[in-house]
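Colleague: Pasting in a structure now, in structure tokens, and then I'll have a few things to ask.
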Amino acid sequence: MLENINATRMQLLQLRRRVALATRGHRLLSEKRDEISRQLIRIARLIQPLRQRVEEKLLDTFRRFMLARASMEPENVKAALQVPTKKFTLAIELANIMNVKVPKMTKEIEGDIICYGFATTSGEMDVALLSLEKAFDDLIELAEKEKQARLLAVELQMTRRRVNVLEHIVIPDIQETIKYIFGKLAEVERDNISRLMKIADMIRS
Amino acid sequence: MTELTEQIVLNFNKFPSIGAENWEYAFACAQVRALEIGMLTRPMLLDMINAENFQTAVDILSSTEYAFGPAKEFDELEPILQTKRTEIRKLFKELIVEQPIVELISAREDFANLRLALRRKLTDKPIGTDYNNDGSIPAERFEQTFEEEDYSTLPLYLRQAIENAVLAYYQNKDVRQIDYAIDKLQAQHNLDLAIQLNSTFLLELCRMQIDLNNIRTMLRLKFRESDQRDLFIEGGYISTVTLRHGLDIGYEAIVPLFFSTPYYEIMEIGVTYLTSNKSFLKLEQHCEDHLMEFLKTTSQITAGHQPVVAYLLRKENEIRKIRLILTAKKNNLDARLILDRLGD
């Protein structure tokens with residue numbers, strides 16, 4: 001029950017308005033929670049195969065790059081990869097999912113990823129870099145989806161906490177207080193009636 | 001039995017001539033032949049490849065000149081490998097009587113330094129101090145020359161390379177043009193020097209290297225579906241017309257194109273592996289093996305610069321192999337993959 005409450009009719013009306021508002025808020029927040037859960041499950045289902053694909057691609061890239069680097073002379077590796085020719089720009093926009101601002105990434109890639117000559121470099125380096133280039137799209141999509149999932153998960157946790165607070169604390173407390181005030185007011189009413197009846201009896205006698 | 005299988009079988013039809021003997025190198029050759037005994041054997045490399053883990057692979061080397069001691073990270077071994085390489089290059093310089101041969105071999109490091117310096121200079125990056133000191137021009141002088149932009153102190157071939165590379169770069173400000181220009185000039189410089197030295201072996205070696213580079217370039221361009229056609233280096237046995245033609249036809253038609261060349265086997269295995277695995281491992285392995293087999297033919301002669309040059313190149317190759325195996329072991333790569341690169 002709420003503390004420091006005056007058992008007045010005005011307070012009762014106020015509390016009734018509050019409980020109506022809390023119930024409406026609870027319903028809306030429950031709907032939001034359900035929708036966020038649905039979105040989160042949808043994104044999680046997308047993330048799982050995407051992550052697996054990205055990991056496979058990156059592992060392959062890493063393996064090939066390692067072999068290429070080990071079979072080349074260190075100074076040739078340094079010279080080959082010193083100045084990259086590929087330019088990569090990543091723009092981040094914010095989209096709105098259930099009032100959660102999630103990032104939407106757009107990439108702009110220009111230039112060739114192979115930035116060296118052929119005589120002193122390994123063909124496996126080409127394969128590694130081309131494989132990395134192919135992994136970019138999935139990698140960015142994965143980063144976007146994982147960030148979305150993380151933000152939605154935080155929002156879901158917050159919403160769930162709000163729903164629980166409304167459902168188990170705020171609404172029952174207000175309802176109990178309403179019941180208390182109602183009881184108090186009824187008691188006062190009964191007091192008044194009995195007092196009036198007593199006065200009427202005294203006048204009559 | 002092992003010794004018997006390891007004996008060199010010379011293939012006179014496959015490899016070109018290596019030239020005549022030169023008795024000025026009698027001592028050098030004797031020393032090199034003695035040192036060759038200490039080189040890592042194939043079973044030892046296979047043991048390293050099949051070792052349980054990185055540490056076991058390192059331990060296998062403990063009875064050789066590459067005894068690293070207890071090492072936990074590969075980064076600790078890389079400086080040791082580089083020191084070994086420098087020592088071998090130093091020994092080579094001591095053993096070679098004719099200075100132009102030293103210049104020809106050292107030019108590789110000069111060109112590598114030049115690539116790095118030009119890339120940095122032309123893209124307005126700091127010149128840096130991390131240049132290789134094994135070339136004919138000391139690293140410090142190289143840095144100073146590029147800092148002061150006074151190229152007059154450099155040898156003619158490097159000045160020419162700088163001029164070509166800068167002109168190529170400013171055509172469309174593409175850093176790759178620097179490498180293409182330097183690669184071509186380096187090959188030309190090597191050929192010119194080999195002709196000037198009147199060394200059949202060096203000339204054949206340079207031509208073979210050009211051919212193998214061109215073959216790799218052709219397949220790499222084809223793999224990337226690139227439309228560049230002027231990246232082949234002139235001076236090899238295989239004409240650039242054939243190589244350009246190779247870019248226009250399918251993978252299945254490329255191999256017969258090389259039927260009459262010594263590179264047929266390389267192409268057959270390399271192309272098959274490339275199309276099925278999307279990898280150049282086998283091609284590179286066979287190119288390297290072809291070159292090493294040619295270097296082994298220097299055992300035909302008793303004395304000459306050929307065995308000394310061959311020793312240097314084989315030793316450098318051995319260091320690369322160790323680096324490759326240890327890197328792969330450190331990163332738990334499949335032994336099959338290492339064998340694909342180094343051969344079964």
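Simple scheme: letters A, B, ... for chains in structure tokens order, numbers from 1 for residues in each chain, numbers from 1 for ligands in the order shown.
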At a cut-off of 12 Å, list the chain A residues touching chain B, using only C-alpha atoms, as number ranges by chain.
Modeller: A: 59-86, 111-131
Colleague: Excluding Leu94 in chain A and its own-chain neighbours fewer than 2 positions away, which residues fall within 10 Å of it when counting only C-alpha atoms? Please give them as a list in words.
Modeller: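 What passes the distance filter is Ile92, Asn96, Ile97, Val100, Lys101, Val102, Pro103, Lys104 and Met105 of chain A.
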Colleague: Mind checking DSSP for range 124-330 of chain B and telling me the alpha helix (DSSP H) residues as an MDAnalysis selection string?
Modeller: chainID B and resid 139:148 156:172 176:197 200:224 240:248 251:257 264:277 281:296 305:330
Colleague: What does the file look like for those residues with C-alpha atoms, as a short mmCIF file (atom, residue, chain, number, x, y, z; two decimals), in the first residue's frame?
Modeller:
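Contents of selection_31.cif, as written:
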data_model
loop_
_atom_site.label_atom_id
_atom_site.label_comp_id
_atom_site.auth_asym_id
_atom_site.auth_seq_id
_atom_site.Cartn_x
_atom_site.Cartn_y
_atom_site.Cartn_z
CA ALA B 139 69.70 0.87 -45.19
CA GLU B 140 70.88 4.13 -43.63
CA ARG B 141 72.07 5.51 -46.96
CA PHE B 142 68.79 4.49 -48.49
CA GLU B 143 66.79 6.39 -45.87
CA GLN B 144 69.03 9.44 -46.21
CA THR B 145 68.77 9.44 -50.00
CA PHE B 146 65.00 9.37 -49.91
CA GLU B 147 64.77 11.92 -47.10
CA GLU B 148 66.97 14.36 -49.01
CA LEU B 156 72.19 3.82 -62.38
CA TYR B 157 69.78 0.87 -62.37
CA LEU B 158 68.05 2.13 -59.23
CA ARG B 159 67.79 5.66 -60.61
CA GLN B 160 66.27 4.28 -63.75
CA ALA B 161 63.86 2.19 -61.68
CA ILE B 162 62.84 5.27 -59.69
CA GLU B 163 62.24 7.25 -62.88
CA ASN B 164 60.16 4.48 -64.46
CA ALA B 165 58.18 3.84 -61.29
CA VAL B 166 57.41 7.53 -60.69
CA LEU B 167 56.31 8.01 -64.31
CA ALA B 168 54.13 4.90 -64.12
CA TYR B 169 52.61 5.99 -60.81
CA TYR B 170 51.62 9.46 -62.03
CA GLN B 171 49.77 8.06 -65.05
CA ASN B 172 46.77 7.30 -62.85
CA ARG B 176 50.60 -0.97 -58.09
CA GLN B 177 52.20 0.65 -61.12
CA ILE B 178 55.30 1.23 -58.97
CA ASP B 179 55.65 -2.52 -58.45
CA TYR B 180 54.93 -3.36 -62.09
CA ALA B 181 57.57 -0.89 -63.28
CA ILE B 182 60.16 -2.07 -60.75
CA ASP B 183 59.46 -5.76 -61.48
CA LYS B 184 60.10 -5.21 -65.18
CA LEU B 185 63.23 -3.18 -64.64
CA GLN B 186 64.57 -5.64 -62.06
CA ALA B 187 64.16 -8.54 -64.50
CA GLN B 188 65.81 -6.54 -67.27
CA HIS B 189 68.66 -5.51 -64.98
CA ASN B 190 69.26 -9.14 -63.95
CA LEU B 191 69.29 -10.29 -67.57
CA ASP B 192 71.65 -7.50 -68.61
CA LEU B 193 74.04 -8.26 -65.77
CA ALA B 194 73.96 -12.02 -66.49
CA ILE B 195 74.76 -11.34 -70.16
CA GLN B 196 77.50 -8.92 -69.16
CA LEU B 197 78.97 -11.57 -66.84
CA THR B 200 75.05 -19.17 -68.77
CA PHE B 201 73.80 -20.30 -65.38
CA LEU B 202 72.71 -16.87 -64.19
CA LEU B 203 71.12 -16.09 -67.53
CA GLU B 204 69.16 -19.34 -67.48
CA LEU B 205 68.23 -18.78 -63.86
CA CYS B 206 66.94 -15.28 -64.59
CA ARG B 207 64.99 -16.49 -67.60
CA MET B 208 63.50 -19.36 -65.63
CA GLN B 209 62.50 -16.97 -62.85
CA ILE B 210 60.87 -14.69 -65.43
CA ASP B 211 58.96 -17.63 -66.92
CA LEU B 212 57.76 -18.88 -63.57
CA ASN B 213 56.75 -15.35 -62.53
CA ASN B 214 54.89 -14.89 -65.80
CA ILE B 215 53.06 -18.19 -65.40
CA ARG B 216 52.01 -17.26 -61.88
CA THR B 217 51.01 -13.77 -63.05
CA MET B 218 48.91 -15.21 -65.85
CA LEU B 219 47.01 -17.53 -63.54
CA ARG B 220 46.62 -14.85 -60.89
CA LEU B 221 45.22 -12.40 -63.43
CA LYS B 222 42.92 -15.10 -64.70
CA PHE B 223 41.78 -16.00 -61.19
CA ARG B 224 40.99 -12.34 -60.47
CA THR B 240 54.29 -12.89 -73.81
CA VAL B 241 51.97 -13.55 -76.78
CA THR B 242 51.40 -17.10 -75.50
CA LEU B 243 50.81 -15.80 -72.01
CA ARG B 244 48.32 -13.19 -73.24
CA HIS B 245 46.59 -15.90 -75.24
CA GLY B 246 46.39 -17.91 -72.02
CA LEU B 247 44.33 -15.09 -70.49
CA ASP B 248 41.69 -15.42 -73.20
CA TYR B 251 41.50 -23.21 -67.68
CA GLU B 252 41.10 -26.53 -69.47
CA ALA B 253 42.79 -25.14 -72.60
CA ILE B 254 45.70 -23.46 -70.81
CA VAL B 255 47.62 -26.62 -69.93
CA PRO B 256 48.04 -27.89 -73.54
CA LEU B 257 49.42 -24.45 -74.38
CA TYR B 264 53.87 -28.52 -68.53
CA GLU B 265 53.84 -30.55 -65.32
CA ILE B 266 53.70 -27.40 -63.18
CA MET B 267 50.76 -26.13 -65.19
CA GLU B 268 48.93 -29.44 -65.16
CA ILE B 269 49.10 -29.88 -61.40
CA GLY B 270 48.85 -26.18 -60.54
CA VAL B 271 45.82 -25.48 -62.72
CA THR B 272 43.98 -28.60 -61.56
CA TYR B 273 44.55 -27.65 -57.93
CA LEU B 274 43.60 -24.02 -58.60
CA THR B 275 40.30 -24.90 -60.24
CA SER B 276 39.35 -27.48 -57.64
CA ASN B 277 40.59 -25.73 -54.46
CA LEU B 281 49.51 -23.58 -53.10
CA LYS B 282 50.35 -26.41 -55.50
CA LEU B 283 51.30 -24.06 -58.32
CA GLU B 284 53.68 -22.18 -56.07
CA GLN B 285 55.07 -25.38 -54.65
CA HIS B 286 55.80 -26.78 -58.11
CA CYS B 287 57.27 -23.49 -59.36
CA GLU B 288 59.57 -23.46 -56.34
CA ASP B 289 60.45 -27.14 -56.79
CA HIS B 290 61.22 -26.59 -60.46
CA LEU B 291 63.65 -23.81 -59.57
CA MET B 292 65.21 -25.87 -56.78
CA GLU B 293 65.63 -28.85 -59.10
CA PHE B 294 67.43 -26.61 -61.55
CA LEU B 295 69.68 -25.36 -58.76
CA LYS B 296 70.48 -28.96 -57.85
CA HIS B 305 79.97 -19.66 -59.12
CA GLN B 306 76.92 -21.84 -59.90
CA PRO B 307 77.03 -24.08 -56.79
CA VAL B 308 77.60 -21.03 -54.56
CA VAL B 309 74.62 -19.14 -55.98
CA ALA B 310 72.55 -22.33 -55.83
CA TYR B 311 73.50 -22.85 -52.18
CA LEU B 312 72.41 -19.32 -51.27
CA LEU B 313 69.06 -19.68 -53.01
CA ARG B 314 68.42 -23.15 -51.60
CA LYS B 315 69.31 -21.99 -48.13
CA GLU B 316 66.95 -19.01 -48.41
CA ASN B 317 64.27 -21.42 -49.55
CA GLU B 318 65.00 -23.64 -46.56
CA ILE B 319 64.49 -20.68 -44.20
CA ARG B 320 61.18 -19.87 -45.88
CA LYS B 321 60.11 -23.49 -45.44
CA ILE B 322 60.97 -23.43 -41.73
CA ARG B 323 59.07 -20.17 -41.34
CA LEU B 324 56.08 -21.65 -43.11
CA ILE B 325 56.01 -24.86 -41.07
CA LEU B 326 56.46 -23.12 -37.73
CA THR B 327 53.83 -20.48 -38.54
CA ALA B 328 51.42 -23.21 -39.55
CA LYS B 329 52.19 -25.25 -36.44
CA LYS B 330 51.78 -22.25 -34.17
#
Colleague: For a quick check of understanding, using only C-alpha atoms, which of A:Val163, A:Leu40, A:Met1, A:Leu12 has the smallest distance to Met98 in chain A?
Modeller: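 Selected residue with least distance to Met98 in chain A: A:Leu40.
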Colleague: Can you pull out the residues contacting Ser63 in chain B? Cut-off 12 Å, using only C-alpha atoms, and skip same-chain residues under 5 positions away; I want them as a list in words.
Modeller: Gly38, Met39, Leu40, Met44, Ala57, Val58, Phe68 and Gly69 of chain B
Colleague: Can you write just those residues out, N, CA and C atoms, as a compact mmCIF listing (two decimals), in the first residue's frame?
Modeller:
# COMPACT_ATOMS: atom_id res chain seq x y z
N GLY B 38 74.80 -30.16 -44.18
CA GLY B 38 74.06 -29.75 -42.98
C GLY B 38 72.66 -29.23 -43.25
N MET B 39 72.28 -29.18 -44.50
CA MET B 39 70.95 -28.65 -44.82
C MET B 39 69.86 -29.62 -44.36
N LEU B 40 68.69 -29.08 -44.11
CA LEU B 40 67.60 -29.92 -43.60
C LEU B 40 67.16 -30.93 -44.66
N MET B 44 63.24 -34.74 -42.26
CA MET B 44 63.21 -33.83 -41.12
C MET B 44 62.06 -32.81 -41.25
N ALA B 57 57.79 -29.28 -33.03
CA ALA B 57 58.40 -28.91 -34.32
C ALA B 57 59.69 -28.13 -34.10
N VAL B 58 59.68 -27.24 -33.10
CA VAL B 58 60.89 -26.47 -32.78
C VAL B 58 61.98 -27.40 -32.26
N PHE B 68 66.74 -23.29 -31.77
CA PHE B 68 66.20 -22.03 -31.26
C PHE B 68 66.16 -21.97 -29.73
N GLY B 69 66.23 -23.11 -29.08
CA GLY B 69 66.04 -23.11 -27.63
C GLY B 69 64.56 -23.04 -27.32
Colleague: With only C-alpha atoms as the counted atoms, please give the residues lying no more than 10 Å from range 27-32 of chain A, apart from itself and same-chain residues fewer than 5 positions off, as a list in words.
Modeller: Leu21, Ala22, Ser37, Arg38, Met98, Asn99, Glu155, Leu156, Thr159, Arg160, Arg161, Arg162, Val163, Asn164, Leu166 and Glu167 of chain A
Colleague: Applying 12 Å and only C-alpha atoms, which residues near Ile41 in chain A remain after dropping the ones on its own chain fewer than 2 positions away? List them as a ChimeraX atom specification.
Modeller: /A:34-39,43-48,145,148-150,152-153,156
Colleague: Using N, CA and C atoms, can you export the residues from the last selection as a PDB file, in the first residue's frame?
Modeller:
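Below you can see again09.pdb, which holds the result:
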ATOM      1  N   ASP A  34       6.341  -7.818 -26.112  1.00  0.00           N
ATOM      2  CA  ASP A  34       6.097  -8.956 -27.007  1.00  0.00           C
ATOM      3  C   ASP A  34       6.671  -8.700 -28.394  1.00  0.00           C
ATOM      4  N   GLU A  35       6.488  -7.447 -28.857  1.00  0.00           N
ATOM      5  CA  GLU A  35       6.970  -7.106 -30.201  1.00  0.00           C
ATOM      6  C   GLU A  35       8.503  -7.117 -30.243  1.00  0.00           C
ATOM      7  N   ILE A  36       9.125  -6.553 -29.190  1.00  0.00           N
ATOM      8  CA  ILE A  36      10.599  -6.556 -29.134  1.00  0.00           C
ATOM      9  C   ILE A  36      11.113  -7.989 -29.094  1.00  0.00           C
ATOM     10  N   SER A  37      10.451  -8.836 -28.317  1.00  0.00           N
ATOM     11  CA  SER A  37      10.863 -10.250 -28.235  1.00  0.00           C
ATOM     12  C   SER A  37      10.794 -10.892 -29.619  1.00  0.00           C
ATOM     13  N   ARG A  38       9.704 -10.574 -30.322  1.00  0.00           N
ATOM     14  CA  ARG A  38       9.504 -11.155 -31.653  1.00  0.00           C
ATOM     15  C   ARG A  38      10.640 -10.705 -32.601  1.00  0.00           C
ATOM     16  N   GLN A  39      10.916  -9.384 -32.531  1.00  0.00           N
ATOM     17  CA  GLN A  39      11.977  -8.822 -33.401  1.00  0.00           C
ATOM     18  C   GLN A  39      13.341  -9.426 -33.046  1.00  0.00           C
ATOM     19  N   ILE A  43      15.888 -11.485 -35.386  1.00  0.00           N
ATOM     20  CA  ILE A  43      17.284 -11.083 -35.639  1.00  0.00           C
ATOM     21  C   ILE A  43      18.245 -12.190 -35.195  1.00  0.00           C
ATOM     22  N   ALA A  44      17.950 -12.801 -34.037  1.00  0.00           N
ATOM     23  CA  ALA A  44      18.824 -13.869 -33.529  1.00  0.00           C
ATOM     24  C   ALA A  44      18.880 -15.029 -34.517  1.00  0.00           C
ATOM     25  N   ARG A  45      17.727 -15.316 -35.130  1.00  0.00           N
ATOM     26  CA  ARG A  45      17.700 -16.405 -36.125  1.00  0.00           C
ATOM     27  C   ARG A  45      18.560 -16.054 -37.341  1.00  0.00           C
ATOM     28  N   LEU A  46      18.609 -14.755 -37.670  1.00  0.00           N
ATOM     29  CA  LEU A  46      19.441 -14.329 -38.816  1.00  0.00           C
ATOM     30  C   LEU A  46      20.919 -14.348 -38.445  1.00  0.00           C
ATOM     31  N   ILE A  47      21.175 -13.963 -37.191  1.00  0.00           N
ATOM     32  CA  ILE A  47      22.573 -13.831 -36.748  1.00  0.00           C
ATOM     33  C   ILE A  47      23.310 -15.163 -36.755  1.00  0.00           C
ATOM     34  N   GLN A  48      22.647 -16.198 -36.293  1.00  0.00           N
ATOM     35  CA  GLN A  48      23.336 -17.485 -36.110  1.00  0.00           C
ATOM     36  C   GLN A  48      24.022 -18.003 -37.386  1.00  0.00           C
ATOM     37  N   LYS A 145      23.499  -6.339 -37.347  1.00  0.00           N
ATOM     38  CA  LYS A 145      22.479  -7.183 -36.695  1.00  0.00           C
ATOM     39  C   LYS A 145      22.819  -7.423 -35.225  1.00  0.00           C
ATOM     40  N   GLN A 148      22.023  -4.303 -33.336  1.00  0.00           N
ATOM     41  CA  GLN A 148      20.565  -4.199 -33.206  1.00  0.00           C
ATOM     42  C   GLN A 148      20.076  -5.135 -32.109  1.00  0.00           C
ATOM     43  N   ALA A 149      20.564  -6.368 -32.140  1.00  0.00           N
ATOM     44  CA  ALA A 149      20.139  -7.367 -31.156  1.00  0.00           C
ATOM     45  C   ALA A 149      20.504  -6.924 -29.745  1.00  0.00           C
ATOM     46  N   ARG A 150      21.708  -6.359 -29.609  1.00  0.00           N
ATOM     47  CA  ARG A 150      22.150  -5.934 -28.280  1.00  0.00           C
ATOM     48  C   ARG A 150      21.269  -4.801 -27.751  1.00  0.00           C
ATOM     49  N   LEU A 152      18.214  -4.031 -28.731  1.00  0.00           N
ATOM     50  CA  LEU A 152      16.864  -4.531 -28.487  1.00  0.00           C
ATOM     51  C   LEU A 152      16.808  -5.350 -27.204  1.00  0.00           C
ATOM     52  N   ALA A 153      17.872  -6.093 -26.935  1.00  0.00           N
ATOM     53  CA  ALA A 153      17.912  -6.906 -25.711  1.00  0.00           C
ATOM     54  C   ALA A 153      17.904  -6.015 -24.476  1.00  0.00           C
ATOM     55  N   LEU A 156      14.485  -4.627 -24.199  1.00  0.00           N
ATOM     56  CA  LEU A 156      13.551  -5.674 -23.768  1.00  0.00           C
ATOM     57  C   LEU A 156      13.647  -5.883 -22.262  1.00  0.00           C
TER      58      LEU A 156
END
Colleague: If you run DSSP on the backbone, which residues of range 24-128 of chain A are strand (DSSP E or B), as number ranges by chain?
Modeller: A: 87-97, 100-110
